[in-house]
>>> print(open('structure-v8.txt').read())   # compact mmCIF, C-alpha atoms
# COMPACT_ATOMS: atom_id res chain seq x y z
CA MET E 1 100.53 132.87 129.36
CA TRP E 2 103.05 131.82 126.74
CA GLN E 3 105.93 134.13 127.49
CA GLY E 4 109.66 134.32 127.32
CA ALA E 5 112.16 132.77 124.99
CA ALA E 6 112.44 129.37 126.62
CA CYS E 7 111.64 126.25 124.61
CA ASN E 8 108.09 125.15 125.54
CA CYS E 9 107.73 121.84 123.68
CA GLY E 10 105.53 120.54 126.46
CA SER E 11 103.18 123.50 126.20
CA PRO E 12 100.21 123.75 123.81
CA ALA E 13 102.40 125.69 121.42
CA GLY E 14 105.00 122.95 121.55
CA ILE E 15 102.37 120.28 120.88
CA PHE E 16 101.18 122.19 117.81
CA SER E 17 104.78 122.50 116.70
CA ASP E 18 105.39 118.77 116.97
CA THR E 19 102.14 117.92 115.19
CA LEU E 20 102.82 120.25 112.27
CA GLY E 21 106.43 119.21 111.92
CA LEU E 22 107.81 122.53 113.11
CA LYS E 23 111.02 122.81 114.99
CA CYS E 24 110.67 123.75 118.60
CA ARG E 25 111.28 127.47 118.83
CA PRO E 26 110.95 130.08 121.53
CA VAL E 27 107.26 130.88 121.68
CA GLY E 28 107.48 134.62 121.66
CA MET E 29 109.53 134.81 118.45
CA ASN E 30 107.34 133.18 115.75
CA MET E 31 103.84 133.00 117.14
CA ARG E 32 102.33 134.74 114.09
CA LYS E 33 103.96 132.26 111.72
CA LEU E 34 102.79 129.38 113.88
CA VAL E 35 99.17 130.60 113.92
CA ALA E 36 99.26 131.11 110.16
CA ARG E 37 100.62 127.61 109.66
CA VAL E 38 97.90 126.12 111.87
CA ALA E 39 95.17 128.00 109.97
CA THR E 40 96.53 126.78 106.63
CA VAL E 41 96.67 123.14 107.69
CA VAL E 42 93.15 123.27 109.16
CA ALA E 43 91.80 124.83 105.95
CA VAL E 44 93.46 122.17 103.82
CA ALA E 45 92.08 119.46 106.07
CA PHE E 46 88.53 120.75 105.66
CA ALA E 47 88.96 121.07 101.89
CA VAL E 48 90.08 117.45 101.64
CA VAL E 49 87.50 116.02 104.01
CA GLY E 50 84.63 118.17 102.78
CA PRO E 51 81.29 118.53 104.57
CA ALA E 52 80.76 116.08 107.38
CA GLY E 53 79.33 112.80 106.14
CA ALA E 54 79.64 113.57 102.42
CA GLN E 55 81.95 110.63 101.79
CA ASP E 56 79.58 108.26 103.61
CA TRP E 57 76.48 109.40 101.72
CA PRO E 58 73.96 107.87 101.59
CA ALA E 59 74.10 106.39 105.09
CA LYS E 60 70.33 106.56 105.64
CA PRO E 61 67.13 106.70 103.49
CA VAL E 62 66.86 109.57 101.01
CA LYS E 63 63.58 111.41 100.38
CA ILE E 64 62.58 112.62 96.90
CA VAL E 65 59.76 115.14 97.03
CA ALA E 66 57.32 115.07 94.09
CA PRO E 67 55.56 118.45 94.38
CA PHE E 68 52.53 117.30 92.39
CA ALA E 69 49.80 114.71 92.86
CA PRO E 70 50.49 111.01 92.23
CA GLY E 71 50.09 109.81 88.66
CA GLY E 72 51.60 112.81 86.88
CA THR E 73 54.91 113.03 85.05
CA ALA E 74 56.78 114.43 88.07
CA ASP E 75 55.54 111.55 90.23
CA THR E 76 56.41 108.99 87.55
CA LEU E 77 59.94 110.32 87.14
CA ALA E 78 60.43 110.43 90.91
CA ARG E 79 59.44 106.76 91.21
CA VAL E 80 61.69 105.70 88.35
CA LEU E 81 64.62 107.44 90.03
CA ALA E 82 63.83 106.16 93.52
CA GLU E 83 63.56 102.54 92.39
CA ASN E 84 66.83 102.62 90.47
CA PHE E 85 68.76 104.79 92.93
CA SER E 86 67.93 102.31 95.67
CA GLN E 87 69.74 99.65 93.66
CA ILE E 88 72.65 101.84 92.55
CA PHE E 89 73.43 103.31 95.98
CA ARG E 90 72.25 100.30 98.02
CA GLN E 91 70.16 102.56 100.19
CA THR E 92 66.43 103.31 100.36
CA PHE E 93 65.13 106.20 98.26
CA TYR E 94 61.45 106.98 98.84
CA ILE E 95 58.84 109.38 97.46
CA GLU E 96 56.87 112.04 99.31
CA ASN E 97 54.07 113.66 97.29
CA ARG E 98 53.46 117.23 98.46
CA PRO E 99 51.18 118.89 95.89
CA GLY E 100 49.86 122.42 96.15
CA ALA E 101 50.41 125.99 94.91
CA GLY E 102 51.59 124.90 91.47
CA GLY E 103 54.35 122.78 92.97
CA MET E 104 55.65 125.49 95.27
CA LEU E 105 54.45 123.89 98.49
CA GLY E 106 56.65 120.82 98.22
CA SER E 107 59.53 122.70 96.62
CA ALA E 108 59.60 125.32 99.38
CA ALA E 109 60.03 122.56 101.96
CA VAL E 110 63.17 121.40 100.15
CA VAL E 111 64.73 124.87 100.07
CA SER E 112 64.75 124.95 103.87
CA ALA E 113 65.97 121.35 104.28
CA GLU E 114 69.46 120.49 105.49
CA PRO E 115 71.94 120.46 102.56
CA ASP E 116 73.11 116.96 103.36
CA GLY E 117 71.80 115.07 100.32
CA TYR E 118 68.91 113.39 102.13
CA THR E 119 66.13 115.61 100.76
CA LEU E 120 65.71 116.09 97.00
CA VAL E 121 62.94 117.36 94.75
CA VAL E 122 61.71 116.79 91.21
CA SER E 123 61.82 120.39 90.02
CA GLY E 124 60.28 121.66 86.79
CA ILE E 125 59.18 124.59 84.70
CA ALA E 126 55.79 124.74 86.45
CA SER E 127 57.10 124.75 90.04
CA HIS E 128 60.39 126.61 89.53
CA VAL E 129 59.64 129.14 86.78
CA ILE E 130 55.94 129.71 86.16
CA ALA E 131 54.40 129.42 89.65
CA PRO E 132 56.94 131.78 91.30
CA ALA E 133 56.38 134.31 88.50
CA PHE E 134 52.63 134.18 89.07
CA ASN E 135 53.04 135.03 92.76
CA ILE E 136 53.81 138.47 94.15
CA ASN E 137 55.89 137.09 97.04
CA PRO E 138 57.12 133.64 96.02
CA PRO E 139 58.82 131.58 98.74
CA TYR E 140 61.93 131.03 96.62
CA ASP E 141 63.76 131.85 93.42
CA GLY E 142 63.59 128.68 91.36
CA ALA E 143 66.89 129.26 89.58
CA ARG E 144 68.96 130.67 92.44
CA ASP E 145 67.74 128.97 95.61
CA PHE E 146 68.32 125.32 94.66
CA THR E 147 71.22 123.06 93.79
CA HIS E 148 70.28 121.77 90.35
CA ILE E 149 71.64 118.28 89.90
CA ALA E 150 70.42 116.57 86.72
CA TYR E 151 68.09 117.17 83.79
CA LEU E 152 65.27 114.64 83.46
CA GLY E 153 63.74 115.85 80.21
CA GLY E 154 60.16 116.64 79.34
CA PRO E 155 57.53 116.52 76.59
CA PRO E 156 56.65 119.48 74.35
CA VAL E 157 53.34 121.31 74.22
CA GLY E 158 50.95 120.63 71.35
CA LEU E 159 48.29 122.76 69.71
CA LEU E 160 45.42 120.27 69.60
CA VAL E 161 42.00 120.57 67.97
CA HIS E 162 38.88 118.45 67.70
CA PRO E 163 38.66 116.86 64.23
CA GLY E 164 35.14 118.27 63.83
CA LEU E 165 36.64 121.74 63.29
CA GLY E 166 38.04 120.58 59.95
CA LEU E 167 41.43 122.23 60.58
CA ASN E 168 44.42 120.44 59.10
CA SER E 169 47.30 122.87 59.66
CA TYR E 170 48.43 125.74 61.81
CA ARG E 171 47.69 128.09 58.93
CA ASP E 172 44.11 126.80 58.92
CA PHE E 173 43.92 127.51 62.63
CA LEU E 174 45.08 131.11 62.21
CA ALA E 175 42.57 131.76 59.42
CA PHE E 176 39.81 130.24 61.57
CA ALA E 177 40.76 132.21 64.68
CA LYS E 178 41.38 135.56 62.99
CA GLY E 179 38.22 135.43 60.94
CA ARG E 180 35.93 135.48 63.94
CA THR E 181 34.25 138.38 65.66
CA ASP E 182 33.53 136.46 68.86
CA VAL E 183 35.93 135.13 71.46
CA LEU E 184 37.30 131.66 70.81
CA ASP E 185 37.62 129.31 73.76
CA TYR E 186 40.66 127.11 74.32
CA THR E 187 41.72 124.96 77.23
CA SER E 188 44.83 123.64 78.93
CA SER E 189 45.78 121.53 81.93
CA GLY E 190 45.35 124.61 84.10
CA THR E 191 46.37 128.19 84.74
CA GLY E 192 50.08 128.38 85.40
CA THR E 193 51.00 125.44 83.18
CA LEU E 194 53.28 125.73 80.19
CA GLY E 195 50.38 124.79 77.93
CA PHE E 196 48.44 127.79 79.19
CA LEU E 197 51.41 130.10 78.60
CA VAL E 198 51.95 128.80 75.05
CA GLY E 199 48.32 129.53 74.22
CA ASP E 200 48.47 132.95 75.88
CA ASP E 201 51.74 133.77 74.10
CA LEU E 202 50.31 132.80 70.71
CA ALA E 203 47.23 134.92 71.33
CA ARG E 204 49.41 137.94 72.08
CA LYS E 205 51.70 137.45 69.08
CA GLU E 206 48.88 136.90 66.58
CA LYS E 207 46.41 139.26 68.31
CA LEU E 208 43.85 136.47 68.65
CA ARG E 209 40.75 136.79 70.81
CA LEU E 210 41.16 133.64 72.83
CA ASN E 211 39.49 132.82 76.13
CA HIS E 212 41.26 130.33 78.37
CA ILE E 213 39.19 127.67 80.13
CA PRO E 214 41.43 126.05 82.76
CA TYR E 215 41.05 122.44 83.81
CA LYS E 216 42.46 120.69 86.87
CA GLY E 217 44.85 118.47 84.99
CA GLY E 218 45.50 117.17 81.51
CA GLY E 219 43.22 114.15 81.89
CA PRO E 220 39.92 116.02 82.31
CA ALA E 221 40.89 118.56 79.63
CA LEU E 222 41.68 115.80 77.15
CA LEU E 223 38.42 113.95 77.85
CA ASP E 224 36.39 117.07 77.06
CA LEU E 225 38.48 117.76 73.96
CA VAL E 226 37.82 114.24 72.63
CA ALA E 227 34.11 114.61 73.44
CA GLY E 228 33.95 117.97 71.65
CA HIS E 229 32.92 119.95 74.72
CA VAL E 230 36.03 122.07 74.06
CA ARG E 231 37.52 122.17 70.59
CA ILE E 232 40.99 123.69 71.02
CA ALA E 233 43.70 122.97 73.58
CA THR E 234 47.35 123.77 74.22
CA MET E 235 48.69 121.11 76.54
CA THR E 236 51.49 118.65 77.13
CA PHE E 237 51.67 116.50 74.03
CA ALA E 238 52.44 113.30 75.93
CA SER E 239 48.99 113.48 77.55
CA ALA E 240 47.31 113.39 74.14
CA ALA E 241 49.69 111.18 72.15
CA GLU E 242 47.45 108.10 72.17
CA GLN E 243 44.39 110.10 71.16
CA VAL E 244 46.37 111.70 68.33
CA ARG E 245 47.38 108.24 67.12
CA ALA E 246 43.75 107.14 67.26
CA GLY E 247 42.56 110.17 65.29
CA ALA E 248 40.31 111.38 68.11
CA VAL E 249 42.42 114.55 68.41
CA ARG E 250 44.38 116.39 65.72
CA ALA E 251 47.75 118.04 66.47
CA LEU E 252 48.56 121.10 64.37
CA ALA E 253 51.92 122.07 65.91
CA VAL E 254 54.31 121.12 68.71
CA SER E 255 56.79 123.18 70.71
CA SER E 256 59.76 120.83 70.32
CA GLU E 257 63.05 121.92 68.72
CA GLY E 258 62.59 119.45 65.86
CA ARG E 259 59.85 117.12 64.72
CA LEU E 260 58.90 114.30 67.05
CA VAL E 261 60.34 110.85 66.38
CA HIS E 262 56.99 109.08 66.55
CA PHE E 263 54.97 111.89 64.95
CA PRO E 264 57.14 113.18 62.09
CA ASP E 265 54.16 114.63 60.21
CA ILE E 266 53.40 117.22 62.90
CA PRO E 267 55.27 120.51 62.23
CA THR E 268 56.87 122.55 64.98
CA PHE E 269 55.96 126.07 66.00
CA LYS E 270 59.49 126.99 65.00
CA GLU E 271 58.73 125.92 61.43
CA GLN E 272 55.74 128.26 61.48
CA GLY E 273 58.03 131.21 62.20
CA TYR E 274 58.00 131.22 66.01
CA ASP E 275 61.70 130.82 66.71
CA ASP E 276 61.26 131.34 70.45
CA MET E 277 58.36 128.91 70.77
CA VAL E 278 60.67 126.03 71.65
CA ALA E 279 59.57 124.71 75.01
CA THR E 280 59.12 121.52 76.97
CA THR E 281 57.34 120.73 80.19
CA TRP E 282 60.73 119.80 81.59
CA PHE E 283 61.69 118.28 84.89
CA ALA E 284 64.98 118.09 86.76
CA LEU E 285 66.41 116.67 89.97
CA SER E 286 67.31 119.38 92.48
CA GLY E 287 68.09 119.82 96.15
CA PRO E 288 68.62 122.49 98.81
CA PRO E 289 71.29 125.13 98.24
CA GLN E 290 74.90 124.25 99.04
CA LEU E 291 74.67 120.49 98.51
CA PRO E 292 78.09 118.79 98.76
CA LYS E 293 79.79 118.53 95.39
CA GLN E 294 80.46 114.81 95.85
CA VAL E 295 76.76 114.12 96.34
CA VAL E 296 75.74 116.26 93.36
CA GLU E 297 78.19 114.57 91.03
CA ALA E 298 77.23 111.08 92.21
CA LEU E 299 73.53 111.79 91.65
CA ASN E 300 74.18 113.35 88.25
CA ARG E 301 76.06 110.27 87.04
CA ALA E 302 73.45 107.93 88.49
CA THR E 303 70.56 109.85 86.89
CA TRP E 304 71.94 109.59 83.38
CA LYS E 305 72.69 105.90 83.99
CA VAL E 306 69.03 105.38 84.94
CA LEU E 307 67.68 107.35 81.96
CA GLN E 308 69.81 105.28 79.57
CA GLN E 309 68.51 101.94 80.79
CA PRO E 310 66.69 100.36 77.81
CA ASP E 311 63.31 99.92 79.53
CA VAL E 312 63.34 103.42 81.05
CA HIS E 313 64.63 105.07 77.88
CA GLN E 314 61.99 103.39 75.71
CA ARG E 315 59.20 104.37 78.07
CA LEU E 316 60.23 108.02 78.17
CA VAL E 317 60.85 108.33 74.44
CA GLN E 318 57.44 106.83 73.71
CA ASP E 319 55.96 109.67 75.77
CA GLU E 320 57.98 112.09 73.60
CA ILE E 321 60.11 113.14 76.56
CA GLU E 322 63.29 114.70 75.20
CA LEU E 323 66.38 113.40 76.99
CA LYS E 324 69.64 115.36 77.12
CA PRO E 325 72.75 114.69 79.20
CA MET E 326 73.68 117.76 81.24
CA THR E 327 76.25 118.50 83.91
CA PRO E 328 75.01 120.21 87.09
CA ASP E 329 76.39 123.54 85.83
CA GLU E 330 74.56 123.06 82.52
CA VAL E 331 71.31 122.29 84.33
CA THR E 332 71.66 125.47 86.38
CA ALA E 333 72.32 127.53 83.25
CA PHE E 334 69.33 125.89 81.55
CA VAL E 335 66.99 126.78 84.44
CA ARG E 336 68.22 130.38 84.30
CA ARG E 337 67.52 130.56 80.54
CA GLU E 338 64.06 129.08 80.99
CA THR E 339 63.35 131.60 83.75
CA ALA E 340 64.47 134.47 81.52
CA ARG E 341 62.24 133.18 78.70
CA TRP E 342 59.02 132.20 80.50
CA ALA E 343 58.87 134.20 83.75
CA PRO E 344 58.07 137.46 81.89
CA ALA E 345 55.32 135.66 79.93
CA ALA E 346 53.87 134.35 83.18
CA LYS E 347 54.01 137.79 84.81
CA ALA E 348 52.34 139.37 81.76
CA ALA E 349 49.55 136.78 81.88
CA ALA E 350 49.10 137.34 85.62
CA ALA E 351 49.02 141.12 85.19
CA SER E 352 46.36 140.86 82.48
CA GLY E 353 44.15 138.79 84.75
CA ALA E 354 44.35 135.71 82.54
CA GLN E 355 42.90 132.65 84.21
>>> encode(input="structure-v8.txt", output="structure tokens")
Amino acid sequence: MWQGAACNCGSPAGIFSDTLGLKCRPVGMNMRKLVARVATVVAVAFAVVGPAGAQDWPAKPVKIVAPFAPGGTADTLARVLAENFSQIFRQTFYIENRPGAGGMLGSAAVVSAEPDGYTLVVSGIASHVIAPAFNINPPYDGARDFTHIAYLGGPPVGLLVHPGLGLNSYRDFLAFAKGRTDVLDYTSSGTGTLGFLVGDDLARKEKLRLNHIPYKGGGPALLDLVAGHVRIATMTFASAAEQVRAGAVRALAVSSEGRLVHFPDIPTFKEQGYDDMVATTWFALSGPPQLPKQVVEALNRATWKVLQQPDVHQRLVQDEIELKPMTPDEVTAFVRRETARWAPAAKAAAASGAQ
């Protein structure tokens, strides 16, 4: 027991006093002040040092989860980042593909990972906005339950038709679709994709009788569109860009903010009067909640450095991927806006039984 008014510089209280630069005082007189002073110094020390190991990050290999199958845009972006991050940080960054449930399977594994900067995920509108909205009990909230680090960009959605239809503009498409008494089929890369939602949203706004035929990916859908087995599609424009150039597919509108650099003759949905039909199949770099600020800022700077490298930049721009520099706070705000815009559309499609 620390009692009495004697000077106890050899006691634990005295040791604390010496360490903190306090004058040796009788223990019983200023114990509350001493405890307060200790608490303040400890708090300051933790604020300066930060989470354990943050300054030494990365001290071991870092995993980037791509929650979709190899070969897609998410996988491509993950590999571009991993290759360049390995050089920038002088540590191994590697990819783990964990497809399933519209991207939720791999993303859910990241939510529960340690927030130490060694597990990251390529997030996106499909896995973090649309898929959770389609599910009654999603395993996470895509906007709230992640640390959003950097924006990676994404291509817009295009309204594509087979040239055999003889449609040359969006106005032609509306006249063709509204003048029918039967149901008109259209396809996309699959239920739960942004392309599907754009088509479903247009059908609701214009009161069109459209029937969605889902495909398992943009590749198979595009092949059947070129062959004429399906004649209308709403899908990621980057998937069809080469076929549009070749004239095998005709693009009537795109969901970008402005006209595309390499396809300036294709009007936007916004030009057709759909002010809220500005959308991209975007991707971002995210991690578990509560990632250390130092790690987040380092990854944000490194990401934009990678995206601005001439070879990477040229490759992405050719695929009509829109690049924008964003701070982590701006990425988080962006994901929240995208959730507010597209989650209700996804829920409405799910409630109507759209497939």
>>> residues_near_point(input="structure-v8.txt", point="(50.1, 125.9, 74.9)", cutoff="10 Å", atoms="only C-alpha atoms", output="number ranges by chain")
E: 156-160, 186-189, 193-202, 233-237, 253-255, 277, 279
>>> residues_around(input="structure-v8.txt", residues="stretch 122-125 of chain E", least_positions_apart="3", cutoff="6 Å", atoms="only C-alpha atoms", output="list in words")
Ala66, His128, Val129, Trp282, Phe283, Ala284 and Leu285 of chain E
>>> residues_around(input="structure-v8.txt", residues="stretch 316-320 of chain E", least_positions_apart="6", cutoff="10 Å", atoms="all atoms listed in the file", output="list in words")
Thr73, Leu77, Leu152, Gly153, Gly154, Pro155, Pro156, Thr236, Phe237, Ala238, Ser239, Ala240, Ala241, Glu242, Ser256, Leu260, Val261, His262, Phe263 and Leu307 of chain E
>>> atom_distance(input="structure-v8.txt", atom1="atom CA of E:Gly179", atom2="atom CA of E:Asn211")
15.5 Å
>>> atom_distance(input="structure-v8.txt", atom1="atom CA of E:Asn84", atom2="atom CA of E:Val312")
10.1 Å
>>> atom_distance(input="structure-v8.txt", atom1="atom CA of E:Ala203", atom2="atom CA of E:Asp265")
24.2 Å
>>> closest_residue(input="structure-v8.txt", among="E:Asn97, E:Gln308, E:Gln294, E:Asn168", to="E:Leu323", atoms="only C-alpha atoms")
E:Gln308
>>> residues_around(input="structure-v8.txt", residues="stretch 333-348 of chain E", least_positions_apart="4", cutoff="6 Å", atoms="all atoms listed in the file", output="VMD selection string")
chain E and resid 129 to 130 133 to 134 143
>>> closest_residue(input="structure-v8.txt", among="E:Ala101, E:Lys324, E:Val295, E:Gly273", to="E:Ala59", atoms="all atoms listed in the file")
E:Val295
>>> closest_residue(input="structure-v8.txt", among="E:Arg98, E:Arg209, E:Arg204, E:His313", to="E:Phe176", atoms="only C-alpha atoms")
E:Arg209
>>> closest_residue(input="structure-v8.txt", among="E:Ala349, E:Ile266, E:Leu81, E:Ala221", to="E:Ala251", atoms="all atoms listed in the file")
E:Ile266
>>> residues_around(input="structure-v8.txt", residues="E:Glu114", least_positions_apart="2", cutoff="12 Å", atoms="all atoms listed in the file", output="PyMOL selection string")
chain E and resi 63+109-112+116-120+146+287-292
>>> write_last_selection(input="structure-v8.txt", atoms="C-alpha atoms", output="compact mmCIF listing (two decimals), keeping the file's coordinate frame")
# COMPACT_ATOMS: atom_id res chain seq x y z
CA LYS E 63 63.58 111.41 100.38
CA ALA E 109 60.03 122.56 101.96
CA VAL E 110 63.17 121.40 100.15
CA VAL E 111 64.73 124.87 100.07
CA SER E 112 64.75 124.95 103.87
CA ASP E 116 73.11 116.96 103.36
CA GLY E 117 71.80 115.07 100.32
CA TYR E 118 68.91 113.39 102.13
CA THR E 119 66.13 115.61 100.76
CA LEU E 120 65.71 116.09 97.00
CA PHE E 146 68.32 125.32 94.66
CA GLY E 287 68.09 119.82 96.15
CA PRO E 288 68.62 122.49 98.81
CA PRO E 289 71.29 125.13 98.24
CA GLN E 290 74.90 124.25 99.04
CA LEU E 291 74.67 120.49 98.51
CA PRO E 292 78.09 118.79 98.76
>>> closest_residue(input="structure-v8.txt", among="E:Pro70, E:Pro58, E:Gly247, E:Gly102", to="E:Phe89", atoms="all atoms listed in the file")
E:Pro58
>>> closest_residue(input="structure-v8.txt", among="E:Val80, E:Gly228, E:Arg90, E:Met104", to="E:Pro67", atoms="only C-alpha atoms")
E:Met104
>>> build_atoms(input="structure-v8.txt", residues="stretch 285-312 of chain E", atoms="N, CA and C atoms", output="compact mmCIF listing (two decimals), in the coordinates of the input")
# COMPACT_ATOMS: atom_id res chain seq x y z
N LEU E 285 66.19 117.09 88.58
CA LEU E 285 66.41 116.67 89.97
C LEU E 285 67.20 117.77 90.66
N SER E 286 66.67 118.27 91.76
CA SER E 286 67.31 119.38 92.48
C SER E 286 67.31 119.09 93.98
N GLY E 287 68.01 119.96 94.70
CA GLY E 287 68.09 119.82 96.15
C GLY E 287 68.24 121.18 96.80
N PRO E 288 68.42 121.21 98.10
CA PRO E 288 68.62 122.49 98.81
C PRO E 288 69.90 123.17 98.33
N PRO E 289 70.05 124.45 98.60
CA PRO E 289 71.29 125.13 98.24
C PRO E 289 72.47 124.56 99.02
N GLN E 290 73.64 124.65 98.40
CA GLN E 290 74.90 124.25 99.04
C GLN E 290 75.02 122.74 99.28
N LEU E 291 74.47 121.94 98.39
CA LEU E 291 74.67 120.49 98.51
C LEU E 291 76.14 120.16 98.28
N PRO E 292 76.68 119.17 98.98
CA PRO E 292 78.09 118.79 98.76
C PRO E 292 78.34 118.37 97.31
N LYS E 293 79.46 118.81 96.78
CA LYS E 293 79.79 118.53 95.39
C LYS E 293 79.83 117.04 95.10
N GLN E 294 80.37 116.26 96.07
CA GLN E 294 80.46 114.81 95.85
C GLN E 294 79.09 114.18 95.66
N VAL E 295 78.12 114.64 96.44
CA VAL E 295 76.76 114.12 96.34
C VAL E 295 76.13 114.51 95.01
N VAL E 296 76.30 115.76 94.62
CA VAL E 296 75.74 116.26 93.36
C VAL E 296 76.28 115.48 92.18
N GLU E 297 77.58 115.27 92.15
CA GLU E 297 78.19 114.57 91.03
C GLU E 297 77.77 113.10 90.99
N ALA E 298 77.66 112.48 92.16
CA ALA E 298 77.23 111.08 92.21
C ALA E 298 75.80 110.93 91.70
N LEU E 299 74.93 111.84 92.10
CA LEU E 299 73.53 111.79 91.65
C LEU E 299 73.41 112.11 90.17
N ASN E 300 74.22 113.02 89.68
CA ASN E 300 74.18 113.35 88.25
C ASN E 300 74.55 112.14 87.41
N ARG E 301 75.64 111.47 87.79
CA ARG E 301 76.06 110.27 87.04
C ARG E 301 74.99 109.17 87.12
N ALA E 302 74.44 108.99 88.31
CA ALA E 302 73.45 107.93 88.49
C ALA E 302 72.17 108.22 87.70
N THR E 303 71.78 109.48 87.62
CA THR E 303 70.56 109.85 86.89
C THR E 303 70.68 109.51 85.42
N TRP E 304 71.79 109.88 84.81
CA TRP E 304 71.94 109.59 83.38
C TRP E 304 72.04 108.08 83.15
N LYS E 305 72.63 107.37 84.09
CA LYS E 305 72.69 105.90 83.99
C LYS E 305 71.27 105.32 83.99
N VAL E 306 70.41 105.86 84.86
CA VAL E 306 69.03 105.38 84.94
C VAL E 306 68.28 105.70 83.65
N LEU E 307 68.42 106.92 83.15
CA LEU E 307 67.68 107.35 81.96
C LEU E 307 68.11 106.58 80.71
N GLN E 308 69.31 106.03 80.72
CA GLN E 308 69.81 105.28 79.57
C GLN E 308 69.49 103.79 79.64
N GLN E 309 68.91 103.34 80.72
CA GLN E 309 68.51 101.94 80.79
C GLN E 309 67.45 101.68 79.72
N PRO E 310 67.57 100.59 78.96
CA PRO E 310 66.69 100.36 77.81
C PRO E 310 65.20 100.48 78.13
N ASP E 311 64.74 99.88 79.23
CA ASP E 311 63.31 99.92 79.53
C ASP E 311 62.86 101.33 79.90
N VAL E 312 63.68 102.04 80.68
CA VAL E 312 63.34 103.42 81.05
C VAL E 312 63.39 104.33 79.84
